[in-house]
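Dropping entry-v1.pdb in here (PDB, C-alpha atoms, pLDDT in the B column):
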```pdb
MODEL        1
ATOM      1  CA  MET A   1      30.792  61.651  34.403  1.00 62.00           C
ATOM      2  CA  THR A   2      30.041  65.237  33.448  1.00 74.00           C
ATOM      3  CA  PRO A   3      26.488  66.561  33.148  1.00 69.00           C
ATOM      4  CA  VAL A   4      26.969  67.049  29.392  1.00 67.00           C
ATOM      5  CA  MET A   5      28.000  63.428  28.920  1.00 61.00           C
ATOM      6  CA  MET A   6      25.093  62.260  31.041  1.00 61.00           C
ATOM      7  CA  THR A   7      22.650  64.361  29.014  1.00 67.00           C
ATOM      8  CA  THR A   8      24.100  63.021  25.758  1.00 61.00           C
ATOM      9  CA  ILE A   9      23.753  59.437  26.920  1.00 63.00           C
ATOM     10  CA  MET A  10      20.172  60.045  28.011  1.00 58.00           C
ATOM     11  CA  LEU A  11      19.311  61.569  24.621  1.00 51.00           C
ATOM     12  CA  ILE A  12      20.837  58.591  22.842  1.00 58.00           C
ATOM     13  CA  ILE A  13      18.808  56.199  24.967  1.00 59.00           C
ATOM     14  CA  VAL A  14      15.562  58.152  24.640  1.00 55.00           C
ATOM     15  CA  LEU A  15      15.854  58.863  20.931  1.00 58.00           C
ATOM     16  CA  GLY A  16      17.325  55.475  20.062  1.00 58.00           C
ATOM     17  CA  LEU A  17      20.219  56.924  18.115  1.00 45.00           C
ATOM     18  CA  PRO A  18      23.113  54.579  17.432  1.00 49.00           C
ATOM     19  CA  VAL A  19      26.341  55.203  19.269  1.00 48.00           C
ATOM     20  CA  GLY A  20      29.108  56.214  16.894  1.00 49.00           C
ATOM     21  CA  ASN A  21      29.354  58.288  13.798  1.00 45.00           C
ATOM     22  CA  VAL A  22      26.326  58.513  11.597  1.00 40.00           C
ATOM     23  CA  SER A  23      26.964  59.619   8.063  1.00 38.00           C
ATOM     24  CA  ALA A  24      25.055  59.753   4.837  1.00 36.00           C
ATOM     25  CA  LYS A  25      27.215  59.576   1.733  1.00 38.00           C
ATOM     26  CA  LYS A  26      26.362  59.304  -1.888  1.00 40.00           C
ATOM     27  CA  SER A  27      27.386  56.015  -3.424  1.00 46.00           C
ATOM     28  CA  SER A  28      29.714  57.800  -5.831  1.00 50.00           C
ATOM     29  CA  ASP A  29      32.266  58.691  -3.168  1.00 48.00           C
ATOM     30  CA  ASN A  30      35.195  57.902  -5.463  1.00 51.00           C
ATOM     31  CA  GLY A  31      35.985  54.870  -3.352  1.00 46.00           C
ATOM     32  CA  ILE A  32      37.164  56.927  -0.381  1.00 53.00           C
ATOM     33  CA  ASN A  33      35.075  54.972   2.118  1.00 57.00           C
ATOM     34  CA  ASN A  34      35.548  51.638   0.390  1.00 78.00           C
ATOM     35  CA  LEU A  35      39.023  51.963  -1.044  1.00 87.00           C
ATOM     36  CA  ASP A  36      40.067  48.377  -0.373  1.00 90.00           C
ATOM     37  CA  ARG A  37      36.782  46.959  -1.688  1.00 92.00           C
ATOM     38  CA  CYS A  38      36.972  49.075  -4.827  1.00 93.00           C
ATOM     39  CA  VAL A  39      40.590  48.220  -5.591  1.00 94.00           C
ATOM     40  CA  GLN A  40      39.918  44.519  -5.006  1.00 94.00           C
ATOM     41  CA  ALA A  41      36.831  44.593  -7.239  1.00 94.00           C
ATOM     42  CA  GLY A  42      38.962  46.184  -9.948  1.00 94.00           C
ATOM     43  CA  LYS A  43      41.710  43.574  -9.576  1.00 95.00           C
ATOM     44  CA  ASP A  44      39.195  40.733  -9.730  1.00 95.00           C
ATOM     45  CA  ASP A  45      37.529  42.158 -12.830  1.00 95.00           C
ATOM     46  CA  GLY A  46      40.871  42.915 -14.453  1.00 95.00           C
ATOM     47  CA  ARG A  47      41.969  39.302 -14.051  1.00 94.00           C
ATOM     48  CA  ASP A  48      38.878  37.568 -15.350  1.00 91.00           C
ATOM     49  CA  SER A  49      36.051  39.888 -16.320  1.00 90.00           C
ATOM     50  CA  GLN A  50      35.141  43.051 -18.164  1.00 91.00           C
ATOM     51  CA  PHE A  51      35.639  46.610 -16.931  1.00 93.00           C
ATOM     52  CA  SER A  52      32.504  47.497 -14.969  1.00 94.00           C
ATOM     53  CA  GLN A  53      31.235  50.977 -15.716  1.00 93.00           C
ATOM     54  CA  SER A  54      28.893  50.823 -12.714  1.00 92.00           C
ATOM     55  CA  GLU A  55      31.784  49.961 -10.360  1.00 92.00           C
ATOM     56  CA  PHE A  56      33.807  52.785 -11.882  1.00 92.00           C
ATOM     57  CA  ASP A  57      30.875  55.180 -11.391  1.00 92.00           C
ATOM     58  CA  THR A  58      30.756  54.167  -7.713  1.00 90.00           C
ATOM     59  CA  CYS A  59      34.470  53.866  -6.972  1.00 91.00           C
ATOM     60  CA  GLY A  60      36.225  56.070  -9.487  1.00 91.00           C
ATOM     61  CA  SER A  61      39.972  55.861  -9.878  1.00 92.00           C
ATOM     62  CA  SER A  62      40.454  53.256  -7.131  1.00 93.00           C
ATOM     63  CA  TYR A  63      38.472  50.709  -9.197  1.00 94.00           C
ATOM     64  CA  GLN A  64      40.280  51.737 -12.381  1.00 94.00           C
ATOM     65  CA  HIS A  65      43.693  51.349 -10.709  1.00 95.00           C
ATOM     66  CA  GLY A  66      42.740  47.903  -9.396  1.00 95.00           C
ATOM     67  CA  PHE A  67      41.437  46.874 -12.810  1.00 95.00           C
ATOM     68  CA  MET A  68      44.724  47.814 -14.461  1.00 95.00           C
ATOM     69  CA  LYS A  69      46.745  45.914 -11.833  1.00 96.00           C
ATOM     70  CA  GLY A  70      44.535  42.845 -12.228  1.00 95.00           C
ATOM     71  CA  CYS A  71      44.644  42.972 -16.003  1.00 95.00           C
ATOM     72  CA  LEU A  72      48.426  43.374 -16.115  1.00 95.00           C
ATOM     73  CA  SER A  73      48.831  40.401 -13.752  1.00 95.00           C
ATOM     74  CA  VAL A  74      47.512  38.067 -16.481  1.00 94.00           C
ATOM     75  CA  ASP A  75      50.316  36.432 -18.465  1.00 93.00           C
ATOM     76  CA  GLY A  76      50.617  37.981 -21.904  1.00 93.00           C
ATOM     77  CA  ASN A  77      48.580  41.109 -21.167  1.00 91.00           C
ATOM     78  CA  LYS A  78      50.284  44.397 -21.944  1.00 93.00           C
ATOM     79  CA  ARG A  79      49.207  47.924 -21.053  1.00 92.00           C
ATOM     80  CA  ASP A  80      47.613  48.527 -24.482  1.00 92.00           C
ATOM     81  CA  VAL A  81      45.461  45.399 -24.106  1.00 90.00           C
ATOM     82  CA  CYS A  82      44.328  46.515 -20.646  1.00 92.00           C
ATOM     83  CA  ASN A  83      43.646  50.069 -21.825  1.00 90.00           C
ATOM     84  CA  SER A  84      41.474  48.659 -24.612  1.00 89.00           C
ATOM     85  CA  ALA A  85      39.589  46.539 -22.091  1.00 86.00           C
ATOM     86  CA  GLU A  86      38.929  49.662 -19.991  1.00 84.00           C
ATOM     87  CA  ASP A  87      37.728  51.611 -23.017  1.00 81.00           C
ATOM     88  CA  SER A  88      35.264  48.893 -23.974  1.00 73.00           C
ATOM     89  CA  GLY A  89      33.689  48.873 -20.480  1.00 64.00           C
TER      90      GLY A  89
ENDMDL
END
```
Would it be possible to restate this file's structure as structure tokens?
Amino acid sequence: MTPVMMTTIMLIIVLGLPVGNVSAKKSSDNGINNLDRCVQAGKDDGRDSQFSQSEFDTCGSSYQHGFMKGCLSVDGNKRDVCNSAEDSG
């Protein structure tokens, strides 16, 4: 083990910092960190709920894409119906 690694480990232990990456991100990260969650939330809402403006504000286009896929998966729904549902959200 190199002296630099040993010093780093000692600082982590002394300061109590977590091992791994520490990041602070705003919640409106356009879904980059939570892409799967955002797309799935959109699909779920598109199938059986309204377009959520707060989810869109957090996730951006990943939520919107999921919403459209979920909405179009419902029998009888066409793109114009799903677009209207998005606009009303």
- Message: I'd like the contact shell of Lys43 in chain A - 7 Å cut-off, only C-alpha atoms, skipping same-chain residues fewer than 5 positions apart - returned as a list in words.
- Response: Gly66, Phe67, Lys69 and Gly70 of chain A
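Distance-wise, CA of Gly76 in chain A and CA of Thr58 in chain A end up 29.3 Å apart.
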- Task: Specify as a ChimeraX atom specification each residue included when the PyMOL selection byres ((chain A and resi 38) around 10) is applied to this file.
- Result: /A:30-37,39-44,55-56,58-67
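The gap separating CA of Cys71 in chain A from CA of Phe51 in chain A is 9.8 Å, in Å to one decimal.
From CA of Asp80 in chain A back to CA of Ser54 in chain A, the distance works out to 22.2 Å.
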Draw an axis-aligned box over all listed atoms of range 52-66 of chain A, pad each side with 4 Å, and write its centre and edge lengths in Å, one decimal, as AutoDock Vina command-line options.
```
--center_x 36.3 --center_y 51.8 --center_z -11.3 --size_x 22.8 --size_y 16.6 --size_z 16.7
```
